[in-house]
$ cat model23.txt   # compact mmCIF, C-alpha atoms
# COMPACT_ATOMS: atom_id res chain seq x y z
CA MET A 1 102.36 32.36 -93.06
CA GLY A 2 102.42 31.95 -96.80
CA TRP A 3 98.89 33.25 -97.07
CA LEU A 4 100.00 36.77 -96.25
CA SER A 5 102.63 36.96 -98.94
CA TRP A 6 100.43 36.74 -102.02
CA GLY A 7 98.22 39.55 -100.70
CA SER A 8 97.64 42.13 -103.39
CA SER A 9 99.93 40.68 -106.05
CA ASP A 10 97.44 38.00 -107.09
CA ASP A 11 93.84 39.01 -107.63
CA SER A 12 92.36 35.52 -107.69
CA GLY A 13 91.21 34.04 -104.41
CA PRO A 14 89.57 35.90 -101.54
CA LYS A 15 90.23 39.62 -101.60
CA LYS A 16 91.16 41.71 -98.64
CA THR A 17 89.57 44.83 -97.34
CA SER A 18 91.56 47.96 -96.63
CA GLY A 19 91.90 46.81 -93.02
CA GLY A 20 93.64 43.67 -94.20
CA ALA A 21 90.75 41.33 -93.40
CA PHE A 22 89.34 38.95 -95.94
CA GLU A 23 86.30 40.12 -97.78
CA ALA A 24 83.17 38.09 -97.39
CA PRO A 25 83.31 35.32 -99.95
CA THR A 26 80.99 35.26 -102.92
CA ARG A 27 79.54 32.22 -104.59
CA THR A 28 82.38 32.20 -107.10
CA THR A 29 85.17 32.47 -104.57
CA ARG A 30 83.56 29.74 -102.52
CA ALA A 31 83.31 27.46 -105.51
CA LYS A 32 86.94 28.13 -106.34
CA CYS A 33 88.00 27.39 -102.79
CA TYR A 34 86.06 24.11 -102.70
CA GLU A 35 87.60 23.12 -105.98
CA SER A 36 91.18 23.61 -104.86
CA ARG A 37 90.37 21.96 -101.55
CA ASP A 38 89.04 18.89 -103.31
CA ALA A 39 92.10 18.75 -105.55
CA PHE A 40 94.38 18.92 -102.53
CA PHE A 41 92.43 16.31 -100.59
CA GLU A 42 92.41 14.06 -103.60
CA CYS A 43 96.19 14.23 -103.64
CA LEU A 44 96.29 13.42 -99.93
CA ASP A 45 94.02 10.43 -100.54
CA ARG A 46 96.32 9.21 -103.27
CA ASN A 47 99.31 9.42 -100.96
CA ASN A 48 97.53 8.00 -97.98
CA ILE A 49 97.87 11.09 -95.89
CA LEU A 50 95.00 11.76 -93.55
CA ASP A 51 96.23 14.49 -91.30
CA SER A 52 97.95 17.41 -92.97
CA ILE A 53 97.74 19.81 -90.07
CA HIS A 54 98.07 18.31 -86.59
CA THR A 55 101.25 16.22 -86.89
CA LYS A 56 104.69 17.26 -87.96
CA GLY A 57 105.05 14.21 -90.17
CA GLY A 58 101.75 14.85 -91.87
CA ARG A 59 102.61 18.47 -92.56
CA ALA A 60 105.98 17.53 -93.99
CA ALA A 61 104.54 14.73 -96.13
CA SER A 62 101.76 16.86 -97.53
CA ALA A 63 104.17 19.70 -98.29
CA LYS A 64 106.49 17.29 -100.07
CA LEU A 65 103.92 15.32 -102.05
CA CYS A 66 101.06 17.81 -102.56
CA GLY A 67 102.87 21.08 -101.95
CA ASP A 68 101.66 22.83 -105.08
CA LEU A 69 98.06 21.91 -104.52
CA ASP A 70 98.39 23.00 -100.90
CA LYS A 71 99.62 26.40 -102.07
CA ASP A 72 96.68 26.63 -104.44
CA PHE A 73 94.36 25.73 -101.60
CA GLU A 74 95.89 28.43 -99.41
CA LYS A 75 95.63 30.91 -102.23
CA ASN A 76 92.00 30.30 -103.03
CA CYS A 77 90.64 30.07 -99.49
CA ALA A 78 90.84 32.24 -96.44
CA HIS A 79 93.40 30.94 -93.98
CA SER A 80 90.78 30.07 -91.39
CA TRP A 81 88.95 28.00 -93.99
CA VAL A 82 92.07 26.04 -94.89
CA GLU A 83 92.57 25.18 -91.25
CA TYR A 84 88.91 24.34 -90.83
CA PHE A 85 88.80 22.02 -93.83
CA LYS A 86 92.02 20.26 -92.93
CA LYS A 87 90.76 19.60 -89.43
CA GLN A 88 87.34 18.63 -90.72
CA ARG A 89 88.94 16.03 -92.95
CA VAL A 90 90.36 14.28 -89.90
CA VAL A 91 87.16 14.58 -87.92
CA ASN A 92 85.04 13.26 -90.78
CA TYR A 93 87.35 10.30 -91.22
CA GLN A 94 87.18 9.48 -87.51
CA LYS A 95 83.42 9.74 -87.57
CA GLU A 96 83.16 7.43 -90.52
CA GLN A 97 85.45 4.91 -88.83
CA THR A 98 83.45 5.04 -85.62
CA ILE A 99 80.20 4.52 -87.46
CA LYS A 100 81.68 1.64 -89.43
CA LYS A 101 82.97 0.07 -86.24
CA LEU A 102 79.61 0.40 -84.55
CA GLU A 103 77.79 -0.98 -87.55
CA ALA A 104 80.18 -3.92 -87.66
CA GLU A 105 79.22 -4.58 -84.06
CA GLY A 106 75.61 -4.65 -85.13
CA ALA A 107 74.50 -1.28 -83.87
CA ASP A 108 71.91 0.59 -85.88
CA VAL A 109 73.51 3.96 -86.32
CA VAL A 110 71.29 6.83 -87.24
CA ALA A 111 73.94 9.48 -87.17
CA PRO A 112 73.11 13.08 -87.70
CA GLN A 113 74.22 14.11 -91.14
CA LEU A 114 77.93 14.62 -91.41
CA PRO A 115 79.11 17.89 -92.83
CA THR A 116 79.38 17.05 -96.47
CA ARG A 117 82.20 18.14 -98.63
CA ASN A 118 80.80 19.28 -101.90
CA MET B 1 12.22 29.69 -60.31
CA ALA B 2 11.88 31.75 -63.44
CA THR B 3 13.41 29.12 -65.71
CA PRO B 4 11.16 26.17 -64.83
CA CYS B 5 8.07 28.33 -65.30
CA HIS B 6 9.29 29.40 -68.69
CA CYS B 7 9.87 25.82 -69.80
CA LEU B 8 6.45 24.75 -68.69
CA ALA B 9 4.90 27.68 -70.44
CA GLY B 10 6.55 26.50 -73.62
CA ALA B 11 5.12 23.04 -73.15
CA ALA B 12 1.70 24.47 -72.56
CA ARG B 13 1.91 26.52 -75.69
CA SER B 14 2.83 23.54 -77.81
CA LEU B 15 -0.12 21.74 -76.32
CA ARG B 16 -2.41 24.49 -77.38
CA ALA B 17 -1.28 24.04 -80.95
CA ALA B 18 -2.38 20.40 -80.98
CA PRO B 19 -5.85 20.08 -79.60
CA ALA B 20 -6.81 17.26 -81.97
CA LEU B 21 -4.75 14.63 -80.22
CA ARG B 22 -6.18 14.98 -76.82
CA GLY B 23 -7.63 11.51 -76.79
CA SER B 24 -4.34 9.60 -76.63
CA PRO B 25 -3.81 6.75 -74.19
CA LEU B 26 -2.86 7.51 -70.66
CA ARG B 27 0.08 5.15 -70.74
CA THR B 28 2.26 7.38 -72.86
CA SER B 29 1.56 10.37 -70.80
CA SER B 30 3.43 9.16 -67.75
CA ALA B 31 6.43 8.13 -69.85
CA ALA B 32 6.47 11.42 -71.61
CA ARG B 33 6.21 13.26 -68.37
CA ARG B 34 9.22 11.41 -67.10
CA THR B 35 11.19 12.38 -70.15
CA PHE B 36 10.14 15.92 -69.86
CA ALA B 37 10.98 16.09 -66.21
CA SER B 38 14.47 14.74 -66.78
CA GLN B 39 15.15 17.18 -69.58
CA HIS B 40 13.94 19.89 -67.41
CA SER B 41 16.10 19.07 -64.46
CA SER B 42 19.20 18.77 -66.59
CA SER B 43 18.70 22.17 -68.10
CA SER B 44 18.03 24.06 -64.91
CA GLY B 45 20.43 22.14 -62.76
CA LEU B 46 17.85 21.73 -60.02
CA PRO B 47 16.32 18.43 -58.96
CA VAL B 48 12.72 18.75 -60.04
CA ARG B 49 9.91 16.70 -58.69
CA PRO B 50 7.15 17.01 -61.23
CA LYS B 51 4.22 16.57 -58.93
CA THR B 52 5.09 19.20 -56.35
CA GLN B 53 6.81 21.85 -58.39
CA GLN B 54 4.92 21.84 -61.62
CA SER B 55 1.49 22.55 -60.37
CA PRO B 56 1.69 26.24 -59.38
CA CYS B 57 3.27 27.31 -62.65
CA THR B 58 1.29 25.08 -64.95
CA LEU B 59 -2.02 26.05 -63.59
CA ARG B 60 -1.35 29.69 -63.94
CA LYS B 61 -0.03 29.46 -67.47
CA GLN B 62 -2.49 26.96 -68.86
CA GLN B 63 -5.63 28.59 -67.75
CA PRO B 64 -6.28 31.08 -70.55
CA GLY B 65 -6.03 28.62 -73.45
CA VAL B 66 -6.62 25.06 -72.43
CA GLN B 67 -8.72 23.65 -69.67
CA SER B 68 -6.84 20.53 -68.87
CA ARG B 69 -5.37 18.77 -65.89
CA GLY B 70 -1.98 17.37 -64.89
CA TRP B 71 -1.35 14.71 -67.57
CA ALA B 72 -2.62 16.79 -70.44
CA TRP B 73 0.86 17.72 -71.64
CA GLY B 74 1.71 14.11 -71.85
CA GLU B 75 -0.71 14.13 -74.74
CA GLY B 76 1.26 16.88 -76.37
CA GLN B 77 4.34 14.68 -76.25
CA SER B 78 2.58 11.54 -77.43
CA ARG B 79 1.60 13.35 -80.57
CA GLY B 80 5.23 13.31 -81.68
CA PHE B 81 5.50 9.53 -81.30
CA SER B 82 2.41 8.66 -83.23
CA LYS B 83 3.31 10.95 -86.07
CA THR B 84 6.77 9.52 -86.73
CA ALA B 85 5.41 6.00 -86.69
CA ALA B 86 2.82 6.84 -89.33
CA ARG B 87 5.34 8.33 -91.72
CA HIS B 88 7.21 5.08 -92.19
CA LYS B 89 4.25 2.81 -92.53
CA LEU B 90 4.19 0.90 -95.83
CA LYS B 91 0.83 0.60 -97.45
CA THR B 92 0.69 -2.87 -99.01
CA ILE B 93 2.40 -6.18 -98.46
CA GLU B 94 3.97 -5.91 -101.96
CA GLU B 95 5.67 -2.74 -100.94
CA VAL B 96 7.10 -4.40 -97.90
CA ARG B 97 8.30 -7.36 -99.96
CA ALA B 98 9.88 -5.17 -102.60
CA ARG B 99 11.63 -3.26 -99.98
CA ASN B 100 13.04 -6.25 -98.17
CA LYS B 101 13.90 -8.25 -101.29
CA GLY B 102 17.63 -7.71 -101.21
CA GLY B 103 17.85 -7.67 -97.48
CA PRO B 104 19.62 -4.76 -95.84
CA PHE B 105 22.51 -4.96 -98.35
CA ASN B 106 22.36 -3.24 -101.71
CA LEU B 107 24.62 -1.17 -103.92
CA THR B 108 23.63 2.19 -102.46
CA ALA B 109 24.31 0.97 -98.97
CA ALA B 110 27.67 -0.46 -99.99
CA VAL B 111 28.73 2.73 -101.73
CA LEU B 112 27.59 4.82 -98.81
CA PHE B 113 29.36 2.56 -96.37
CA VAL B 114 32.66 2.58 -98.23
CA SER B 115 32.64 6.29 -98.99
CA ALA B 116 31.64 7.18 -95.45
CA GLY B 117 34.37 4.92 -94.14
CA GLY B 118 36.93 6.40 -96.48
CA ALA B 119 35.92 9.93 -95.65
CA MET B 120 36.06 9.21 -91.94
CA TYR B 121 39.49 7.64 -92.29
CA ALA B 122 40.83 10.56 -94.29
CA TYR B 123 39.34 13.02 -91.85
CA PHE B 124 40.69 11.31 -88.78
CA THR B 125 44.16 10.96 -90.29
CA TYR B 126 44.13 14.62 -91.17
CA GLU B 127 42.88 15.62 -87.73
CA LYS B 128 45.48 13.46 -86.05
CA GLU B 129 48.29 15.15 -87.96
CA ARG B 130 46.83 18.57 -87.35
CA LEU B 131 46.56 17.94 -83.63
CA ALA B 132 50.12 16.64 -83.50
CA ARG B 133 51.32 19.83 -85.16
CA LYS B 134 49.18 21.91 -82.87
CA ARG B 135 50.65 20.15 -79.89
CA ILE B 136 54.16 20.98 -81.05
CA ALA B 137 53.17 24.59 -81.59
CA GLU B 138 51.43 24.76 -78.20
CA GLN B 139 54.17 22.94 -76.36
CA THR B 140 56.78 25.34 -77.56
CA LYS B 141 54.62 28.35 -76.97
CA GLY B 142 55.35 28.38 -73.28
CA MET B 143 53.48 30.23 -70.61
CA GLY B 144 54.03 33.95 -70.46
CA LYS B 145 57.53 34.60 -71.63
CA PRO B 146 58.48 32.66 -74.74
CA LYS B 147 61.22 30.14 -74.27
CA VAL B 148 62.86 30.71 -77.63
CA GLY B 149 62.97 34.04 -79.37
CA GLY B 150 62.12 37.39 -77.95
CA TRP B 151 62.72 41.02 -78.30
CA PHE B 152 65.61 42.30 -80.35
CA ASP B 153 66.62 45.56 -81.92
CA LEU B 154 68.94 45.24 -84.88
CA MET B 155 69.64 46.72 -88.28
CA ASP B 156 68.84 45.28 -91.69
CA GLN B 157 71.15 45.14 -94.70
CA ASP B 158 70.03 48.57 -95.88
CA GLY B 159 70.95 50.10 -92.56
CA ASN B 160 67.34 50.49 -91.42
CA LYS B 161 66.26 49.68 -87.91
CA PHE B 162 64.65 46.26 -87.67
CA CYS B 163 63.30 45.04 -84.37
CA SER B 164 61.35 41.96 -83.40
CA ASP B 165 58.05 43.86 -83.74
CA ASP B 166 58.69 44.11 -87.47
CA MET B 167 58.17 40.34 -87.67
CA ALA B 168 54.67 40.52 -86.16
CA GLY B 169 51.80 39.40 -88.34
CA GLN B 170 53.89 37.10 -90.48
CA TYR B 171 55.64 33.85 -90.01
CA ALA B 172 59.39 34.23 -89.82
CA LEU B 173 62.13 31.77 -90.56
CA VAL B 174 65.14 32.83 -88.55
CA TYR B 175 68.62 31.56 -89.26
CA PHE B 176 71.85 32.45 -87.56
CA GLY B 177 75.01 32.49 -89.63
CA PHE B 178 77.86 34.63 -90.83
CA SER B 179 79.20 35.58 -94.21
CA HIS B 180 82.64 34.06 -93.69
CA CYS B 181 81.13 30.68 -92.96
CA PRO B 182 83.05 28.02 -94.90
CA ASP B 183 80.53 25.40 -95.93
CA ILE B 184 77.47 24.84 -93.78
CA CYS B 185 75.83 28.28 -93.84
CA PRO B 186 75.99 28.73 -97.61
CA ASP B 187 74.39 25.32 -98.08
CA GLU B 188 71.75 26.12 -95.51
CA LEU B 189 71.04 29.53 -96.99
CA ASP B 190 70.60 27.97 -100.42
CA LYS B 191 68.17 25.57 -98.82
CA MET B 192 66.41 28.45 -97.10
CA ALA B 193 65.95 30.21 -100.44
CA LEU B 194 64.41 27.04 -101.88
CA MET B 195 62.18 26.59 -98.84
CA TYR B 196 61.06 30.19 -99.06
CA ASP B 197 60.12 29.91 -102.72
CA LYS B 198 58.17 26.73 -102.07
CA VAL B 199 56.28 28.24 -99.17
CA VAL B 200 55.48 31.42 -101.12
CA GLU B 201 54.21 29.30 -104.00
CA LYS B 202 51.73 27.57 -101.68
CA CYS B 203 50.78 30.26 -99.16
CA GLY B 204 51.79 33.61 -100.62
CA LYS B 205 54.21 36.03 -99.05
CA VAL B 206 53.49 35.28 -95.42
CA LEU B 207 56.99 34.23 -94.44
CA LEU B 208 59.99 36.41 -93.70
CA PRO B 209 63.34 34.76 -94.41
CA ILE B 210 65.69 36.29 -91.88
CA MET B 211 69.37 35.69 -91.37
CA ILE B 212 70.92 37.12 -88.24
CA THR B 213 74.68 37.35 -88.24
CA CYS B 214 76.75 35.93 -85.42
CA ASP B 215 79.72 37.92 -86.56
CA PRO B 216 78.78 41.59 -86.24
CA ALA B 217 82.39 42.76 -86.40
CA ARG B 218 82.79 41.70 -90.03
CA ASP B 219 79.19 41.54 -91.21
CA THR B 220 78.23 45.15 -91.74
CA PRO B 221 74.93 45.89 -93.49
CA LYS B 222 76.85 46.37 -96.73
CA VAL B 223 78.58 42.99 -96.45
CA LEU B 224 75.29 41.26 -95.66
CA LYS B 225 73.55 42.96 -98.56
CA ASP B 226 76.10 41.68 -101.07
CA TYR B 227 76.24 38.30 -99.43
CA LEU B 228 72.48 37.63 -99.26
CA GLN B 229 71.82 39.01 -102.72
CA GLU B 230 73.42 35.85 -104.03
CA PHE B 231 71.01 33.63 -102.19
CA HIS B 232 67.63 35.32 -102.42
CA PRO B 233 66.67 38.96 -103.04
CA GLU B 234 63.93 38.75 -100.40
CA MET B 235 66.24 37.66 -97.60
CA ILE B 236 66.62 40.00 -94.69
CA GLY B 237 70.05 40.18 -93.12
CA LEU B 238 70.28 41.55 -89.60
CA THR B 239 73.29 42.86 -87.80
CA GLY B 240 74.01 45.14 -84.88
CA ASP B 241 76.61 45.78 -82.27
CA TYR B 242 78.19 42.95 -80.36
CA GLU B 243 75.93 43.29 -77.32
CA ALA B 244 72.72 43.41 -79.38
CA ILE B 245 73.73 40.29 -81.30
CA LYS B 246 74.73 38.55 -78.11
CA GLN B 247 71.34 39.34 -76.56
CA THR B 248 69.51 38.09 -79.65
CA CYS B 249 71.49 34.88 -79.76
CA LYS B 250 70.78 34.38 -76.09
CA ALA B 251 67.05 34.91 -76.65
CA TYR B 252 67.08 32.31 -79.42
CA ARG B 253 69.22 29.97 -77.37
CA VAL B 254 71.89 30.07 -80.02
CA TYR B 255 75.40 29.19 -79.04
CA PHE B 256 78.05 31.26 -80.72
CA SER B 257 81.71 31.82 -80.12
CA THR B 258 82.39 35.23 -81.59
CA PRO B 259 85.26 36.96 -79.81
CA PRO B 260 84.02 40.27 -78.33
CA THR B 261 87.06 42.19 -79.51
CA VAL B 262 88.43 41.54 -82.95
CA LYS B 263 91.57 43.11 -84.33
CA PRO B 264 91.16 44.54 -87.81
CA GLY B 265 92.32 42.05 -90.36
CA GLN B 266 91.90 39.11 -88.03
CA ASP B 267 90.79 35.93 -89.72
CA TYR B 268 88.61 33.64 -87.67
CA LEU B 269 85.57 31.40 -87.80
CA VAL B 270 82.49 31.47 -85.61
CA ASP B 271 80.97 28.37 -84.14
CA HIS B 272 77.23 28.62 -83.92
CA SER B 273 74.05 26.57 -83.76
CA ILE B 274 72.58 25.69 -87.13
CA TYR B 275 68.82 25.57 -86.88
CA PHE B 276 66.07 27.36 -88.68
CA TYR B 277 63.71 28.81 -86.13
CA LEU B 278 60.12 29.07 -87.30
CA MET B 279 58.32 31.88 -85.46
CA ASP B 280 54.58 32.44 -85.65
CA PRO B 281 52.86 35.81 -86.31
CA ASP B 282 52.67 36.42 -82.55
CA GLY B 283 56.43 36.17 -82.37
CA ASP B 284 56.28 32.83 -80.57
CA PHE B 285 58.59 29.99 -81.41
CA VAL B 286 56.93 27.14 -83.32
CA GLU B 287 59.51 24.63 -84.39
CA ALA B 288 63.21 24.23 -85.05
CA ILE B 289 64.19 22.80 -88.40
CA GLY B 290 67.54 21.07 -88.45
CA ARG B 291 70.01 20.19 -91.16
CA ASN B 292 68.50 16.75 -91.63
CA PHE B 293 65.43 18.27 -93.33
CA THR B 294 65.49 18.64 -97.08
CA ALA B 295 64.11 21.83 -98.56
CA ASP B 296 60.92 19.98 -99.53
CA GLN B 297 60.37 18.49 -96.10
CA ALA B 298 61.07 21.79 -94.39
CA ALA B 299 58.74 23.66 -96.76
CA LYS B 300 55.99 21.16 -95.98
CA VAL B 301 56.46 21.59 -92.23
CA ILE B 302 56.23 25.35 -92.63
CA THR B 303 53.23 25.41 -94.97
CA ASP B 304 51.36 23.04 -92.68
CA HIS B 305 51.94 25.31 -89.71
CA ILE B 306 50.90 28.34 -91.75
CA LYS B 307 47.69 26.62 -92.83
CA ASP B 308 46.90 25.82 -89.20
CA TRP B 309 47.17 29.46 -88.25
CA GLN B 310 43.72 30.80 -87.40
CA GLY B 311 44.46 34.45 -86.84
CA PRO B 312 45.05 37.16 -89.40
CA LEU B 313 48.24 37.02 -91.39
CA LYS B 314 50.30 39.74 -92.93
CA LYS B 315 48.16 42.74 -92.13
CA LYS B 316 48.36 42.44 -88.39
CA LYS B 317 50.70 45.10 -87.12
CA GLU B 318 49.58 45.92 -83.62
CA TRP B 319 49.48 43.62 -80.63
$ encode --input "model23.txt" --output "structure tokens"
Amino acid sequence: MGWLSWGSSDDSGPKKTSGGAFEAPTRTTRAKCYESRDAFFECLDRNNILDSIHTKGGRAASAKLCGDLDKDFEKNCAHSWVEYFKKQRVVNYQKEQTIKKLEAEGADVVAPQLPTRN
Amino acid sequence: MATPCHCLAGAARSLRAAPALRGSPLRTSSAARRTFASQHSSSSGLPVRPKTQQSPCTLRKQQPGVQSRGWAWGEGQSRGFSKTAARHKLKTIEEVRARNKGGPFNLTAAVLFVSAGGAMYAYFTYEKERLARKRIAEQTKGMGKPKVGGWFDLMDQDGNKFCSDDMAGQYALVYFGFSHCPDICPDELDKMALMYDKVVEKCGKVLLPIMITCDPARDTPKVLKDYLQEFHPEMIGLTGDYEAIKQTCKAYRVYFSTPPTVKPGQDYLVDHSIYFYLMDPDGDFVEAIGRNFTADQAAKVITDHIKDWQGPLKKKKEW
């Protein structure tokens, strides 16, 4: 629940409304979030960690090796987004693998566009 | 029997105008009469036997002007044949030779042939595409109640009432999203802004870019106003209460997973369908544009549909 602690002390990242909910993101906050996400994922790639959310081992490894970047990620994005992107990373990887496997078997895969990370 | 009499009267009148040709051979007269009789029967829908049915009418009508009998109007017809033949007659043998020198092929003929062929090809390709588009538009139109889209009563980003009738008379591009959407909606809204600009450039302001929120609890008019301002100033953001949004999503066959009761401060995402729905000025669904379309492709699809539209655009308010 680290995302609650920074709250009002840090004014970068998504702001909260008086009710405590996140404000709707602007173009700038989105860009910032994507940036810290990409930095975190890049670290995961380097350390060969795919899943940083579902498994205990993955969570521990990512906290140990990319902990700072993870904190940045949490700071710059709404909590639901962090979860979404972490899960999406796994799903995208599985999709890619499946497509590769099918293509290796000679199937002509015309997959609908994958959600791109940009 | 009014129609047959009228036709025959017409024939008699034309005969009166050409008294000079009354000496034509008998042969043509019977042929002409056959032609005339067949035309006649096809127009009135009745089987006409010339010999029995013509006589009462013809006699009555012909009497004042021309004193002739049965086959006289054959002469009237034969006049046409002889005249066309005379027009094309070449005077001397030299003329005939000069004309046939190059055979039937010459430059003019070649140019005509190629350009006619090209024009026909272009036309048929165009028609084929137009008909394919029309079929899509017709297919999705449905009988009676539209299958996608329908009545809604929501609020725009300025807090004004906006219902489905406000879309009438213009094409509308409807997108469902929400401001807290992590990555897909912002991309799609950027694309929508591009599409809109491209369409406006080609067709003028005949398209309404509309975004309907799937997350009414967080997307108040104020939030939508700030959010959409970043994408395109012309975009219309619609919100409403949970039930109104639910009804609208149902009408547009949009799946969404917004929880009906949200605690203040709750952080969540909304799953929803990601299509652009193109609606015509009658409020009927035309086509769904998916994520696989680029802004250019989508803009082309839309402009083509707009160009196909026959009815009035923009001004039409009542229906």
$ interface_residues --input "model23.txt" --of "chain B" --to "chain A" --cutoff "9 Å" --atoms "all atoms listed in the file" --output "ChimeraX atom specification"
/B:179-184,186,218-219,223-224,226-227,230-231,264-269,291-292
$ residues_around --input "model23.txt" --residues "His272 of chain B" --least-positions-apart "3" --cutoff "12 Å" --atoms "only C-alpha atoms" --output "list in words"
Tyr175, Phe176, Gly177, Phe178, Cys181, Ile184, Cys185, Ile212, Thr213, Cys214, Asp215, Lys246, Cys249, Lys250, Tyr252, Arg253, Val254, Tyr255, Phe256, Ser257, Thr258, Leu269 and Tyr275 of chain B
$ residues_around --input "model23.txt" --residues "segment 62-69 of chain A" --least-positions-apart "5" --cutoff "8 Å" --atoms "all atoms listed in the file" --output "CSV table (one decimal) with C-alpha atoms, in the frame of the given file"
chain,number,residue,atom,x,y,z
A,36,SER,CA,91.2,23.6,-104.9
A,39,ALA,CA,92.1,18.8,-105.6
A,40,PHE,CA,94.4,18.9,-102.5
A,43,CYS,CA,96.2,14.2,-103.6
A,44,LEU,CA,96.3,13.4,-99.9
A,47,ASN,CA,99.3,9.4,-101.0
A,49,ILE,CA,97.9,11.1,-95.9
A,52,SER,CA,98.0,17.4,-93.0
$ atom_distance --input "model23.txt" --atom1 "atom CA of Arg89 of chain A" --atom2 "atom CA of Gly290 of chain B"
22.4 Å
$ atom_distance --input "model23.txt" --atom1 "atom CA of Asp166 of chain B" --atom2 "atom CA of Thr220 of chain B"
20.0 Å
$ residues_around --input "model23.txt" --residues "Leu208 of chain B" --least-positions-apart "5" --cutoff "7 Å" --atoms "all atoms listed in the file" --output "ChimeraX atom specification"
/B:170-173
$ atom_distance --input "model23.txt" --atom1 "atom CA of Lys75 of chain A" --atom2 "atom CA of Leu50 of chain A"
21.0 Å
$ residues_around --input "model23.txt" --residues "Val148 of chain B" --least-positions-apart "4" --cutoff "10 Å" --atoms "all atoms listed in the file" --output "ChimeraX atom specification"
/B:140-142,249-254,277,279,283-288
$ residues_around --input "model23.txt" --residues "Lys87 of chain A" --least-positions-apart "3" --cutoff "8 Å" --atoms "all atoms listed in the file" --output "list in words"
Asp51, Ile53, His54, Glu83, Tyr84, Val90 and Val91 of chain A
$ axis_aligned_box --input "model23.txt" --around "segment 265-278 of chain B" --padding-each-side "5 Å" --output "lines of an AutoDock Vina configuration file"
center_x = 76.2
center_y = 33.8
center_z = -87.1
size_x = 42.2
size_y = 26.5
size_z = 16.6
$ decode --input "model23.txt" --residues "segment 221-225 of chain B" --atoms "all heavy atoms" --output "short mmCIF file (atom, residue, chain, number, x, y, z; two decimals), in the first residue's frame"
data_model
loop_
_atom_site.label_atom_id
_atom_site.label_comp_id
_atom_site.auth_asym_id
_atom_site.auth_seq_id
_atom_site.Cartn_x
_atom_site.Cartn_y
_atom_site.Cartn_z
N PRO B 221 -18.90 16.23 -15.97
CA PRO B 221 -18.69 17.13 -17.12
C PRO B 221 -17.38 17.91 -17.01
O PRO B 221 -16.66 18.06 -18.00
CB PRO B 221 -19.90 18.06 -17.04
CG PRO B 221 -20.96 17.25 -16.41
CD PRO B 221 -20.26 16.35 -15.44
N LYS B 222 -17.05 18.35 -15.84
CA LYS B 222 -15.82 19.12 -15.64
C LYS B 222 -14.58 18.29 -15.99
O LYS B 222 -13.67 18.75 -16.70
CB LYS B 222 -15.78 19.59 -14.17
CG LYS B 222 -14.46 20.14 -13.68
CD LYS B 222 -14.32 21.60 -14.05
CE LYS B 222 -13.04 22.22 -13.46
NZ LYS B 222 -11.81 21.68 -14.02
N VAL B 223 -14.56 17.05 -15.49
CA VAL B 223 -13.42 16.17 -15.76
C VAL B 223 -13.29 15.93 -17.26
O VAL B 223 -12.20 16.02 -17.84
CB VAL B 223 -13.59 14.83 -15.00
CG1 VAL B 223 -12.57 13.82 -15.47
CG2 VAL B 223 -13.47 15.04 -13.50
N LEU B 224 -14.43 15.66 -17.91
CA LEU B 224 -14.40 15.39 -19.35
C LEU B 224 -13.93 16.61 -20.12
O LEU B 224 -13.21 16.50 -21.11
CB LEU B 224 -15.80 14.99 -19.83
CG LEU B 224 -16.21 13.55 -19.54
CD1 LEU B 224 -17.61 13.31 -20.09
CD2 LEU B 224 -15.24 12.55 -20.15
N LYS B 225 -14.36 17.78 -19.68
CA LYS B 225 -13.99 19.01 -20.38
C LYS B 225 -12.47 19.17 -20.38
O LYS B 225 -11.86 19.40 -21.44
CB LYS B 225 -14.66 20.21 -19.70
CG LYS B 225 -14.63 21.48 -20.53
CD LYS B 225 -15.31 22.60 -19.78
CE LYS B 225 -15.08 23.93 -20.44
NZ LYS B 225 -15.98 24.19 -21.55
#
